[in-house]
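Data block for model23.txt (compact mmCIF, C-alpha atoms):
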# COMPACT_ATOMS: atom_id res chain seq x y z
CA MET L 5 14.35 0.19 -50.66
CA LYS L 6 14.29 2.52 -47.71
CA LEU L 7 10.49 2.43 -47.33
CA LEU L 8 10.52 -1.34 -46.80
CA GLU L 9 13.57 -1.31 -44.52
CA ASP L 10 11.99 1.41 -42.37
CA ARG L 11 8.76 -0.54 -42.15
CA ILE L 12 10.59 -3.71 -41.12
CA ARG L 13 12.45 -1.76 -38.42
CA LYS L 14 9.19 -0.23 -37.20
CA ASP L 15 6.74 -3.15 -37.41
CA GLY L 16 8.82 -6.33 -37.87
CA LYS L 17 9.03 -8.63 -34.87
CA ILE L 18 11.95 -10.95 -34.23
CA ARG L 19 11.07 -14.26 -32.62
CA ASN L 20 12.62 -17.62 -31.73
CA GLY L 21 15.92 -16.14 -30.59
CA GLY L 22 16.54 -14.32 -33.87
CA ALA L 23 15.52 -17.16 -36.21
CA VAL L 24 12.16 -15.76 -37.34
CA LEU L 25 11.22 -12.30 -38.62
CA LYS L 26 7.49 -11.67 -38.42
CA VAL L 27 6.19 -9.14 -40.91
CA GLY L 28 2.60 -10.34 -40.76
CA SER L 29 1.17 -6.96 -39.82
CA PHE L 30 1.99 -5.44 -43.23
CA LEU L 31 3.55 -7.94 -45.68
CA ASN L 32 2.27 -11.50 -45.53
CA HIS L 33 -0.79 -11.98 -43.33
CA GLN L 34 -2.29 -8.52 -43.05
CA ILE L 35 -1.28 -6.57 -46.15
CA ASP L 36 -0.59 -2.86 -46.60
CA VAL L 37 -1.65 -2.57 -50.23
CA LYS L 38 -0.04 0.87 -50.62
CA LEU L 39 3.28 -0.69 -49.61
CA TYR L 40 2.69 -3.44 -52.20
CA ASN L 41 2.17 -0.72 -54.80
CA GLU L 42 5.52 0.86 -53.97
CA ILE L 43 7.15 -2.59 -54.10
CA GLY L 44 5.56 -3.25 -57.50
CA LYS L 45 6.77 0.09 -58.85
CA GLU L 46 10.30 -0.66 -57.65
CA PHE L 47 10.31 -4.09 -59.33
CA PHE L 48 9.16 -2.36 -62.51
CA ARG L 49 11.98 0.19 -62.20
CA LEU L 50 14.45 -2.69 -61.82
CA PHE L 51 13.10 -5.10 -64.46
CA GLY L 52 10.90 -2.93 -66.68
CA ASP L 53 13.39 -2.97 -69.58
CA GLU L 54 13.79 -6.75 -69.62
CA GLY L 55 10.91 -7.62 -71.94
CA VAL L 56 9.07 -9.55 -69.25
CA THR L 57 6.11 -11.54 -70.66
CA LYS L 58 4.98 -13.41 -67.51
CA ILE L 59 5.30 -13.02 -63.76
CA LEU L 60 5.58 -16.24 -61.78
CA THR L 61 5.21 -16.63 -58.02
CA ILE L 62 4.26 -19.36 -55.57
CA GLU L 63 1.28 -19.63 -53.28
CA ALA L 64 0.45 -18.16 -50.90
CA SER L 65 2.33 -15.03 -49.76
CA GLY L 66 3.74 -14.20 -53.19
CA ILE L 67 0.38 -13.92 -54.94
CA GLY L 68 -0.69 -10.49 -53.77
CA ILE L 69 2.72 -8.94 -54.43
CA ALA L 70 2.84 -10.54 -57.88
CA CYS L 71 -0.67 -9.31 -58.80
CA ILE L 72 0.03 -5.74 -57.74
CA THR L 73 3.38 -5.88 -59.58
CA GLY L 74 1.62 -7.29 -62.64
CA GLN L 75 -0.32 -4.03 -62.97
CA TYR L 76 2.92 -2.16 -63.72
CA PHE L 77 4.24 -4.75 -66.19
CA ASP L 78 0.86 -5.36 -67.83
CA VAL L 79 1.53 -9.10 -68.18
CA PRO L 80 -0.26 -12.19 -66.85
CA VAL L 81 0.64 -13.42 -63.38
CA ILE L 82 0.92 -17.15 -62.66
CA PHE L 83 1.15 -18.71 -59.25
CA ALA L 84 2.66 -22.17 -58.81
CA LYS L 85 0.34 -24.41 -56.83
CA LYS L 86 1.46 -26.54 -53.91
CA SER L 87 -0.84 -29.52 -54.26
CA LYS L 88 -2.57 -31.38 -57.02
CA THR L 89 -6.31 -30.77 -56.88
CA LYS L 90 -9.20 -31.78 -59.09
CA ASN L 91 -8.77 -28.44 -60.84
CA ILE L 92 -5.42 -29.36 -62.36
CA ASP L 93 -5.48 -31.71 -65.28
CA GLY L 94 -3.40 -31.56 -68.41
CA ASP L 95 0.36 -31.45 -68.51
CA VAL L 96 2.16 -29.77 -65.66
CA CYS L 97 5.71 -28.71 -64.93
CA THR L 98 6.71 -29.68 -61.39
CA ALA L 99 9.51 -29.24 -58.89
CA LYS L 100 10.09 -30.47 -55.35
CA VAL L 101 10.56 -27.83 -52.66
CA GLU L 102 11.72 -28.29 -49.06
CA SER L 103 9.96 -25.85 -46.74
CA PHE L 104 12.06 -24.87 -43.73
CA THR L 105 9.15 -22.87 -42.27
CA HIS L 106 6.76 -25.80 -42.36
CA GLY L 107 9.33 -28.60 -42.03
CA THR L 108 7.99 -30.50 -45.05
CA VAL L 109 8.79 -31.35 -48.67
CA TYR L 110 6.10 -30.55 -51.20
CA THR L 111 5.63 -30.47 -54.95
CA ILE L 112 4.88 -27.23 -56.77
CA MET L 113 3.37 -27.18 -60.23
CA VAL L 114 2.38 -24.96 -63.11
CA GLU L 115 0.24 -26.07 -66.03
CA LYS L 116 2.47 -26.28 -69.08
CA GLU L 117 0.21 -24.24 -71.33
CA PHE L 118 0.86 -21.09 -69.28
CA LEU L 119 4.66 -21.09 -69.79
CA GLN L 120 5.96 -21.35 -73.32
CA PRO L 121 9.39 -21.27 -74.95
CA GLY L 122 9.94 -17.61 -75.74
CA ASP L 123 8.40 -16.43 -72.47
CA ARG L 124 10.59 -14.13 -70.40
CA VAL L 125 9.64 -14.76 -66.79
CA LEU L 126 10.10 -12.54 -63.76
CA LEU L 127 9.95 -14.46 -60.47
CA ILE L 128 8.43 -12.70 -57.45
CA ASP L 129 8.36 -13.76 -53.81
CA ASP L 130 8.14 -12.21 -50.37
CA PHE L 131 11.14 -13.94 -48.77
CA LEU L 132 14.43 -15.44 -49.90
CA ALA L 133 16.22 -17.46 -47.22
CA ASN L 134 17.41 -20.92 -48.20
CA GLY L 135 16.30 -20.42 -51.79
CA ALA L 136 14.27 -23.63 -51.97
CA ALA L 137 11.06 -22.08 -53.30
CA LEU L 138 12.87 -19.82 -55.76
CA ASN L 139 14.97 -22.72 -56.98
CA GLY L 140 11.77 -24.70 -57.60
CA LEU L 141 10.32 -21.84 -59.66
CA ILE L 142 13.53 -21.61 -61.72
CA GLN L 143 13.36 -25.36 -62.41
CA ILE L 144 9.78 -25.01 -63.60
CA VAL L 145 10.57 -22.13 -65.96
CA ARG L 146 13.51 -24.03 -67.43
CA GLU L 147 11.47 -27.24 -67.78
CA ALA L 148 8.98 -25.19 -69.81
CA GLY L 149 11.79 -23.96 -72.05
CA ALA L 150 11.22 -20.34 -71.05
CA ALA L 151 13.81 -17.83 -69.82
CA VAL L 152 14.25 -16.52 -66.27
CA VAL L 153 14.71 -12.75 -66.44
CA GLY L 154 15.41 -12.51 -62.73
CA ALA L 155 13.87 -12.62 -59.29
CA GLY L 156 12.28 -9.74 -57.42
CA ILE L 157 12.35 -10.44 -53.68
CA CYS L 158 10.94 -8.29 -50.90
CA VAL L 159 13.10 -9.50 -48.01
CA GLU L 160 16.33 -11.47 -48.37
CA LYS L 161 17.91 -13.06 -45.31
CA ALA L 162 21.43 -12.50 -46.62
CA PHE L 163 22.89 -14.53 -43.74
CA GLN L 164 21.25 -17.65 -45.21
CA PRO L 165 22.60 -19.30 -48.37
CA GLY L 166 19.69 -18.84 -50.81
CA GLY L 167 20.81 -15.58 -52.41
CA GLU L 168 24.31 -16.89 -53.08
CA ILE L 169 23.01 -20.19 -54.48
CA ILE L 170 20.57 -18.53 -56.88
CA ARG L 171 22.99 -15.79 -57.99
CA GLY L 172 25.59 -18.55 -58.46
CA GLN L 173 23.33 -20.01 -61.16
CA GLY L 174 23.62 -16.73 -63.07
CA VAL L 175 20.13 -15.53 -62.10
CA ARG L 176 19.75 -11.81 -61.36
CA VAL L 177 18.27 -11.42 -57.88
CA GLU L 178 17.04 -8.01 -56.70
CA SER L 179 16.06 -7.92 -53.06
CA LEU L 180 14.42 -4.74 -51.78
CA ALA L 181 15.59 -5.33 -48.20
CA ARG L 182 18.67 -7.47 -47.47
CA ILE L 183 19.11 -8.48 -43.86
CA LYS L 184 22.69 -8.95 -42.70
CA SER L 185 21.77 -10.10 -39.21
CA MET L 186 18.92 -10.02 -36.74
CA SER L 187 18.49 -10.70 -33.06
CA GLU L 188 16.00 -9.90 -30.35
CA GLU L 189 18.62 -7.71 -28.64
CA ASP L 190 19.93 -5.71 -31.61
CA GLY L 191 16.95 -5.84 -33.98
CA VAL L 192 17.42 -6.04 -37.74
CA VAL L 193 20.67 -4.95 -39.38
CA PHE L 194 20.50 -4.42 -43.16
CA CYS L 195 23.39 -4.96 -45.60
CA MET C 278 -21.03 -8.87 -64.40
CA LYS C 279 -21.12 -9.40 -68.13
CA LEU C 280 -17.34 -9.15 -68.56
CA LEU C 281 -16.76 -12.10 -66.22
CA GLU C 282 -19.64 -14.17 -67.61
CA ASP C 283 -18.34 -13.65 -71.15
CA ARG C 284 -14.85 -14.65 -70.11
CA ILE C 285 -16.11 -17.81 -68.41
CA ARG C 286 -18.08 -18.71 -71.57
CA LYS C 287 -15.00 -18.09 -73.72
CA ASP C 288 -12.17 -19.55 -71.63
CA GLY C 289 -13.77 -21.67 -68.91
CA LYS C 290 -13.44 -25.43 -69.27
CA ILE C 291 -15.91 -27.90 -67.86
CA ARG C 292 -14.45 -31.17 -66.62
CA ASN C 293 -15.43 -34.33 -64.71
CA GLY C 294 -18.84 -34.63 -66.34
CA GLY C 295 -19.93 -31.13 -65.37
CA ALA C 296 -18.63 -31.19 -61.78
CA VAL C 297 -15.61 -28.94 -62.24
CA LEU C 298 -15.29 -25.53 -63.90
CA LYS C 299 -11.69 -24.70 -64.73
CA VAL C 300 -10.94 -20.99 -64.92
CA GLY C 301 -7.22 -21.38 -64.40
CA SER C 302 -6.25 -19.55 -67.57
CA PHE C 303 -7.51 -16.19 -66.26
CA LEU C 304 -8.83 -16.33 -62.67
CA ASN C 305 -7.02 -18.66 -60.27
CA HIS C 306 -3.78 -20.11 -61.65
CA GLN C 307 -2.80 -17.76 -64.44
CA ILE C 308 -4.30 -14.36 -63.64
CA ASP C 309 -5.56 -11.64 -65.95
CA VAL C 310 -4.77 -8.66 -63.73
CA LYS C 311 -6.91 -6.29 -65.84
CA LEU C 312 -9.90 -8.56 -65.19
CA TYR C 313 -9.05 -8.48 -61.47
CA ASN C 314 -9.12 -4.68 -61.68
CA GLU C 315 -12.61 -4.71 -63.17
CA ILE C 316 -13.71 -7.18 -60.48
CA GLY C 317 -12.26 -4.94 -57.76
CA LYS C 318 -14.06 -1.89 -59.18
CA GLU C 319 -17.33 -3.79 -59.23
CA PHE C 320 -16.94 -4.90 -55.60
CA PHE C 321 -16.27 -1.26 -54.72
CA ARG C 322 -19.40 -0.18 -56.59
CA LEU C 323 -21.41 -2.75 -54.62
CA PHE C 324 -19.87 -2.30 -51.15
CA GLY C 325 -18.16 1.11 -51.33
CA ASP C 326 -20.82 2.80 -49.14
CA GLU C 327 -20.63 0.21 -46.37
CA GLY C 328 -17.82 1.73 -44.32
CA VAL C 329 -15.54 -1.25 -44.90
CA THR C 330 -12.42 -1.13 -42.67
CA LYS C 331 -10.84 -4.50 -43.57
CA ILE C 332 -10.97 -7.00 -46.43
CA LEU C 333 -10.62 -10.66 -45.46
CA THR C 334 -9.95 -13.57 -47.79
CA ILE C 335 -8.47 -17.05 -47.57
CA GLU C 336 -5.32 -18.42 -49.14
CA ALA C 337 -4.55 -19.02 -51.89
CA SER C 338 -6.81 -18.01 -54.82
CA GLY C 339 -8.55 -15.19 -52.96
CA ILE C 340 -5.39 -13.24 -52.17
CA GLY C 341 -4.79 -11.60 -55.52
CA ILE C 342 -8.41 -10.57 -55.96
CA ALA C 343 -8.52 -9.19 -52.43
CA CYS C 344 -5.30 -7.19 -52.90
CA ILE C 345 -6.45 -5.62 -56.16
CA THR C 346 -9.86 -4.90 -54.58
CA GLY C 347 -8.11 -3.40 -51.56
CA GLN C 348 -6.70 -0.65 -53.80
CA TYR C 349 -10.22 0.67 -54.43
CA PHE C 350 -11.30 0.50 -50.77
CA ASP C 351 -7.97 1.78 -49.43
CA VAL C 352 -8.10 -0.59 -46.45
CA PRO C 353 -5.79 -3.39 -45.24
CA VAL C 354 -6.26 -6.86 -46.70
CA ILE C 355 -5.96 -9.94 -44.49
CA PHE C 356 -5.74 -13.49 -45.71
CA ALA C 357 -6.67 -16.36 -43.43
CA LYS C 358 -3.92 -18.98 -43.32
CA LYS C 359 -4.52 -22.66 -43.74
CA SER C 360 -1.86 -24.12 -41.47
CA LYS C 361 -0.03 -23.11 -38.35
CA THR C 362 3.58 -22.29 -39.12
CA LYS C 363 6.44 -20.94 -37.06
CA ASN C 364 5.40 -17.48 -38.21
CA ILE C 365 2.15 -17.50 -36.28
CA ASP C 366 2.37 -16.97 -32.58
CA GLY C 367 0.09 -14.95 -30.37
CA ASP C 368 -3.64 -15.32 -30.16
CA VAL C 369 -5.49 -16.51 -33.24
CA CYS C 370 -9.11 -16.84 -34.28
CA THR C 371 -9.71 -20.18 -35.96
CA ALA C 372 -12.40 -22.12 -37.84
CA LYS C 373 -12.56 -25.58 -39.35
CA VAL C 374 -13.24 -25.83 -43.08
CA GLU C 375 -14.06 -28.88 -45.15
CA SER C 376 -12.54 -28.65 -48.62
CA PHE C 377 -14.56 -30.46 -51.26
CA THR C 378 -11.89 -29.71 -53.88
CA HIS C 379 -9.08 -31.30 -51.88
CA GLY C 380 -11.19 -33.81 -49.94
CA THR C 381 -9.80 -32.72 -46.56
CA VAL C 382 -10.70 -30.81 -43.40
CA TYR C 383 -8.33 -28.03 -42.40
CA THR C 384 -8.11 -25.21 -39.90
CA ILE C 385 -7.98 -21.59 -41.02
CA MET C 386 -6.72 -18.85 -38.77
CA VAL C 387 -6.25 -15.11 -38.44
CA GLU C 388 -4.16 -13.45 -35.76
CA LYS C 389 -6.53 -11.72 -33.36
CA GLU C 390 -4.73 -8.38 -33.43
CA PHE C 391 -5.73 -7.82 -37.08
CA LEU C 392 -9.50 -8.00 -36.49
CA GLN C 393 -10.98 -5.84 -33.77
CA PRO C 394 -14.47 -5.11 -32.49
CA GLY C 395 -15.60 -2.14 -34.56
CA ASP C 396 -14.05 -3.48 -37.76
CA ARG C 397 -16.44 -3.74 -40.70
CA VAL C 398 -15.18 -6.64 -42.80
CA LEU C 399 -15.77 -7.39 -46.48
CA LEU C 400 -15.12 -11.04 -47.36
CA ILE C 401 -13.69 -11.80 -50.81
CA ASP C 402 -13.23 -15.13 -52.57
CA ASP C 403 -13.01 -16.53 -56.07
CA PHE C 404 -15.64 -19.30 -55.74
CA LEU C 405 -18.73 -19.99 -53.66
CA ALA C 406 -20.03 -23.55 -53.93
CA ASN C 407 -20.74 -25.37 -50.67
CA GLY C 408 -19.94 -22.28 -48.64
CA ALA C 409 -17.48 -24.02 -46.34
CA ALA C 410 -14.61 -21.54 -46.75
CA LEU C 411 -16.90 -18.50 -46.56
CA ASN C 412 -18.60 -19.88 -43.49
CA GLY C 413 -15.21 -20.30 -41.84
CA LEU C 414 -14.33 -16.67 -42.58
CA ILE C 415 -17.66 -15.51 -41.10
CA GLN C 416 -16.98 -17.52 -37.93
CA ILE C 417 -13.57 -15.88 -37.58
CA VAL C 418 -14.93 -12.35 -38.00
CA ARG C 419 -17.65 -13.01 -35.42
CA GLU C 420 -15.18 -14.63 -33.00
CA ALA C 421 -13.15 -11.42 -33.24
CA GLY C 422 -16.27 -9.38 -32.39
CA ALA C 423 -16.17 -7.58 -35.75
CA ALA C 424 -19.03 -7.14 -38.23
CA VAL C 425 -19.43 -8.89 -41.59
CA VAL C 426 -20.46 -6.27 -44.17
CA GLY C 427 -20.95 -8.90 -46.85
CA ALA C 428 -19.19 -11.21 -49.25
CA GLY C 429 -17.93 -10.39 -52.73
CA ILE C 430 -17.64 -13.57 -54.78
CA CYS C 431 -16.41 -13.90 -58.35
CA VAL C 432 -18.17 -17.13 -59.33
CA GLU C 433 -21.09 -18.69 -57.46
CA LYS C 434 -22.21 -22.20 -58.32
CA ALA C 435 -25.86 -21.41 -57.59
CA PHE C 436 -26.81 -25.07 -58.02
CA GLN C 437 -24.83 -25.88 -54.87
CA PRO C 438 -26.11 -24.91 -51.41
CA GLY C 439 -23.45 -22.41 -50.23
CA GLY C 440 -25.16 -19.22 -51.40
CA GLU C 441 -28.46 -20.15 -49.78
CA ILE C 442 -26.77 -21.17 -46.52
CA ILE C 443 -24.76 -17.95 -46.22
CA ARG C 444 -27.63 -15.66 -47.26
CA GLY C 445 -29.81 -17.57 -44.79
CA GLN C 446 -27.53 -16.27 -42.03
CA GLY C 447 -28.44 -12.72 -43.05
CA VAL C 448 -25.12 -12.09 -44.81
CA ARG C 449 -25.26 -10.05 -48.03
CA VAL C 450 -23.62 -12.07 -50.81
CA GLU C 451 -22.82 -10.42 -54.15
CA SER C 452 -21.64 -12.86 -56.81
CA LEU C 453 -20.41 -11.40 -60.08
CA ALA C 454 -21.26 -14.55 -62.06
CA ARG C 455 -23.94 -16.97 -60.83
CA ILE C 456 -23.98 -20.33 -62.54
CA LYS C 457 -27.36 -22.01 -62.77
CA SER C 458 -26.06 -25.18 -64.40
CA MET C 459 -23.10 -26.48 -66.34
CA SER C 460 -22.34 -29.54 -68.42
CA GLU C 461 -19.82 -30.58 -71.02
CA GLU C 462 -22.65 -30.70 -73.61
CA ASP C 463 -24.42 -27.40 -72.95
CA GLY C 464 -21.62 -25.35 -71.39
CA VAL C 465 -22.27 -22.85 -68.64
CA VAL C 466 -25.76 -21.40 -68.07
CA PHE C 467 -25.93 -18.30 -65.87
CA CYS C 468 -28.83 -17.32 -63.59

This structure in structure tokens:
Amino acid sequence: MKLLEDRIRKDGKIRNGGAVLKVGSFLNHQIDVKLYNEIGKEFFRLFGDEGVTKILTIEASGIGIACITGQYFDVPVIFAKKSKTKNIDGDVCTAKVESFTHGTVYTIMVEKEFLQPGDRVLLIDDFLANGAALNGLIQIVREAGAAVVGAGICVEKAFQPGGEIIRGQGVRVESLARIKSMSEEDGVVFC
Amino acid sequence: MKLLEDRIRKDGKIRNGGAVLKVGSFLNHQIDVKLYNEIGKEFFRLFGDEGVTKILTIEASGIGIACITGQYFDVPVIFAKKSKTKNIDGDVCTAKVESFTHGTVYTIMVEKEFLQPGDRVLLIDDFLANGAALNGLIQIVREAGAAVVGAGICVEKAFQPGGEIIRGQGVRVESLARIKSMSEEDGVVFC
């Protein structure tokens, strides 16, 4: 998606010697809602024929993208929660996720009643790098007996193994911007 | 807002002897995006003449509502983050928030570059109870030298002190559903 690639080139900032891409000025801290709308339209173009019944994402950065995308699909959006609070009772589907950004392992969960056998679930997230979060969402959908239609990702770090791992499970992954390499000297190079 | 009150009456679940209102089937775990759209329109009706330049919320449940609302205001949406990750460098505005839901104290932060003196900021959140999160957002806006236009809240627990505390600071608070009392026997009673 040229619009997103151009925006990353213009406003993305590479930090930590090429290890971190900051897109917080438009994608995941401050949000350009018009860009989200274009992203949502593109996910609908890619997955609109798949009979999607639910959109599933994970807190926090995925929620806004998933909600805007949900307008085009006209289906409920669910976000997996990262910690058990007083507000979750009842049966839950869970998965363990290792966060490389935060350096921790955490449990994500979705209340079982929101995912049913027969649901066709589109996964949405802002980044795909090691694939840990996406893998956790896939586990949850499968535990619920529902089907994964695919994953709509804004930015894939194609030089990290997540994309290959998830596609290797037979899951369709559509990433709107795929980064081949990035460095503070040469900037971002897309696939 | 009758639509939201009716939905809470229909699908809200009261737990823990009247202490907890679960609205996870439509507001903050699974999301009815059409309801979010009506909420966003109502916030725009209430605050549309206030010259809002930024919408600020807090992760996680506020993000979707803020993004959908942002479409009506046509301004950037910012969400305050709850933990410092590798992706935040640079100067940040911070505030401490006590979470009654999670039983913890945490720091929220916004990168300084996204809030400037001259910004007119609308705060958005799903719940107002003790006012801790909203108070933290107000502190951040003021630390940045920007102005708080007001707060758009979906559900206010009017029997808890947050609304009075925040309004007592001279901040305009508009809550779309104000709960006077709730119990497992009598259900939800609105103001």

- Message: Please list, as a ChimeraX atom specification, the residues that have an atom at most 12 Å away from (11.7, -16.1, -27.7) in the coordinates of this file, counting only C-alpha atoms.
- Response: /L:17-25,187-189 /C:363,366-367

- Message: Give me the residues near Ile169 in chain L as a list in words, where near means some atom within 8 Å (using only C-alpha atoms) and where sequence neighbours in that chain fewer than 4 positions away do not count.
- Response: Gly135, Pro165 and Gln173 of chain L

- Tell me, in Å to one decimal, how far CA of Asp402 in chain C is from CA of Gly440 in chain C.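 Distance between the two atoms: 12.7 Å.
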
- Ala421 in chain C environment, 7 Å, all atoms listed in the file, sequence neighbours closer than 5 positions dropped, as a ChimeraX atom specification: /C:370,389,392-394

Please save C-alpha atoms of the selected residues as a PDB file, in the coordinates of the input.
ATOM      1  CA  CYS C 370      -9.110 -16.840 -34.280  1.00  0.00           C
ATOM      2  CA  LYS C 389      -6.530 -11.720 -33.360  1.00  0.00           C
ATOM      3  CA  LEU C 392      -9.500  -8.000 -36.490  1.00  0.00           C
ATOM      4  CA  GLN C 393     -10.980  -5.840 -33.770  1.00  0.00           C
ATOM      5  CA  PRO C 394     -14.470  -5.110 -32.490  1.00  0.00           C
TER       6      PRO C 394
END

- Message: So, with only C-alpha atoms as the atoms that count, which of C:Lys279, C:Ser338, C:Val374, C:Asp368 lies closest to Gly301 in chain C?
- Response: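 Under the stated criterion, the closest residue is C:Ser338.
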
How close does each residue of chain C get to chain L, giving the shortest atom pair and distance in Å to one decimal for every residue with an atom at most 6 Å away, counting all atoms listed in the file, sorted by chain and residue number, as CSV?
residue,atom,partner,partner_atom,distance
C:His306,CA,L:Ile82,CA,5.6
C:Gln307,CA,L:Ile82,CA,4.2
C:Ile308,CA,L:Val81,CA,5.0
C:Asp309,CA,L:Pro80,CA,5.4
C:Ala337,CA,L:Ala64,CA,5.2
C:Ile340,CA,L:Gly68,CA,5.7
C:Gly341,CA,L:Gly68,CA,4.6
C:Cys344,CA,L:Gly68,CA,5.7
C:Pro353,CA,L:Asp36,CA,5.4
C:Val354,CA,L:Ile35,CA,5.0
C:Ile355,CA,L:Gln34,CA,4.2
C:Phe356,CA,L:His33,CA,5.7
C:Thr362,CA,L:His106,CA,5.7
C:His379,CA,L:Thr89,CA,5.7

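Computed from the coordinates, the CA of Ser376 in chain C to CA of Asp463 in chain C distance equals 27.1 Å.
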
- Point-to-point distance from CA of Glu160 in chain L to CA of Ala137 in chain L, Å rounded to tenths: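 Separation of CA of Glu160 in chain L and CA of Ala137 in chain L: 12.8 Å.
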
Within 7 Å of Glu451 in chain C, counting all atoms listed in the file, which residues qualify if same-chain residues fewer than 3 places away don't, as a PDB file with C-alpha atoms, in the frame of the given file?
ATOM      1  CA  ALA C 428     -19.190 -11.210 -49.250  1.00  0.00           C
ATOM      2  CA  GLY C 429     -17.930 -10.390 -52.730  1.00  0.00           C
ATOM      3  CA  ILE C 430     -17.640 -13.570 -54.780  1.00  0.00           C
TER       4      ILE C 430
END

- Message: Applying 7 Å and only C-alpha atoms, which residues near Phe163 in chain L remain after dropping the ones on its own chain fewer than 2 positions away? List them as an MDAnalysis selection string.
- Response: chainID L and resid 161 165 184:185

- Query: Which residues come within 7 Å of Ala424 in chain C, counting all atoms listed in the file, excluding same-chain residues fewer than 4 positions away, as a ChimeraX atom specification?
  - Reply: /C:396-398,418-419

Write a file for range 18-23 of chain L, containing all heavy atoms (output as a PDB file, in the first residue's frame).
ATOM      1  N   ILE L  18      13.797   5.666  12.658  1.00  0.00           N
ATOM      2  CA  ILE L  18      14.533   4.443  12.993  1.00  0.00           C
ATOM      3  C   ILE L  18      15.430   4.722  14.187  1.00  0.00           C
ATOM      4  O   ILE L  18      16.138   5.723  14.221  1.00  0.00           O
ATOM      5  CB  ILE L  18      15.345   3.972  11.772  1.00  0.00           C
ATOM      6  CG1 ILE L  18      14.376   3.639  10.630  1.00  0.00           C
ATOM      7  CG2 ILE L  18      16.190   2.749  12.115  1.00  0.00           C
ATOM      8  CD1 ILE L  18      15.046   3.447   9.298  1.00  0.00           C
ATOM      9  N   ARG L  19      15.363   3.839  15.159  1.00  0.00           N
ATOM     10  CA  ARG L  19      16.094   4.035  16.411  1.00  0.00           C
ATOM     11  C   ARG L  19      16.854   2.761  16.782  1.00  0.00           C
ATOM     12  O   ARG L  19      16.656   1.719  16.159  1.00  0.00           O
ATOM     13  CB  ARG L  19      15.122   4.402  17.547  1.00  0.00           C
ATOM     14  CG  ARG L  19      14.440   5.735  17.382  1.00  0.00           C
ATOM     15  CD  ARG L  19      15.391   6.892  17.690  1.00  0.00           C
ATOM     16  NE  ARG L  19      14.725   8.197  17.615  1.00  0.00           N
ATOM     17  CZ  ARG L  19      14.646   8.949  16.522  1.00  0.00           C
ATOM     18  NH1 ARG L  19      15.183   8.531  15.396  1.00  0.00           N
ATOM     19  NH2 ARG L  19      14.036  10.134  16.556  1.00  0.00           N
ATOM     20  N   ASN L  20      17.652   2.855  17.812  1.00  0.00           N
ATOM     21  CA  ASN L  20      18.396   1.706  18.362  1.00  0.00           C
ATOM     22  C   ASN L  20      19.209   0.987  17.284  1.00  0.00           C
ATOM     23  O   ASN L  20      19.149  -0.244  17.173  1.00  0.00           O
ATOM     24  CB  ASN L  20      17.438   0.702  19.040  1.00  0.00           C
ATOM     25  CG  ASN L  20      16.785   1.287  20.278  1.00  0.00           C
ATOM     26  OD1 ASN L  20      16.635   2.507  20.400  1.00  0.00           O
ATOM     27  ND2 ASN L  20      16.400   0.429  21.202  1.00  0.00           N
ATOM     28  N   GLY L  21      19.900   1.733  16.468  1.00  0.00           N
ATOM     29  CA  GLY L  21      20.768   1.130  15.457  1.00  0.00           C
ATOM     30  C   GLY L  21      20.033   0.283  14.436  1.00  0.00           C
ATOM     31  O   GLY L  21      20.556  -0.706  13.936  1.00  0.00           O
ATOM     32  N   GLY L  22      18.786   0.652  14.133  1.00  0.00           N
ATOM     33  CA  GLY L  22      18.031  -0.069  13.107  1.00  0.00           C
ATOM     34  C   GLY L  22      17.106  -1.128  13.670  1.00  0.00           C
ATOM     35  O   GLY L  22      16.437  -1.829  12.913  1.00  0.00           O
ATOM     36  N   ALA L  23      17.032  -1.260  15.002  1.00  0.00           N
ATOM     37  CA  ALA L  23      16.203  -2.318  15.599  1.00  0.00           C
ATOM     38  C   ALA L  23      14.748  -1.883  15.766  1.00  0.00           C
ATOM     39  O   ALA L  23      13.836  -2.707  15.756  1.00  0.00           O
ATOM     40  CB  ALA L  23      16.764  -2.728  16.953  1.00  0.00           C
TER      41      ALA L  23
END
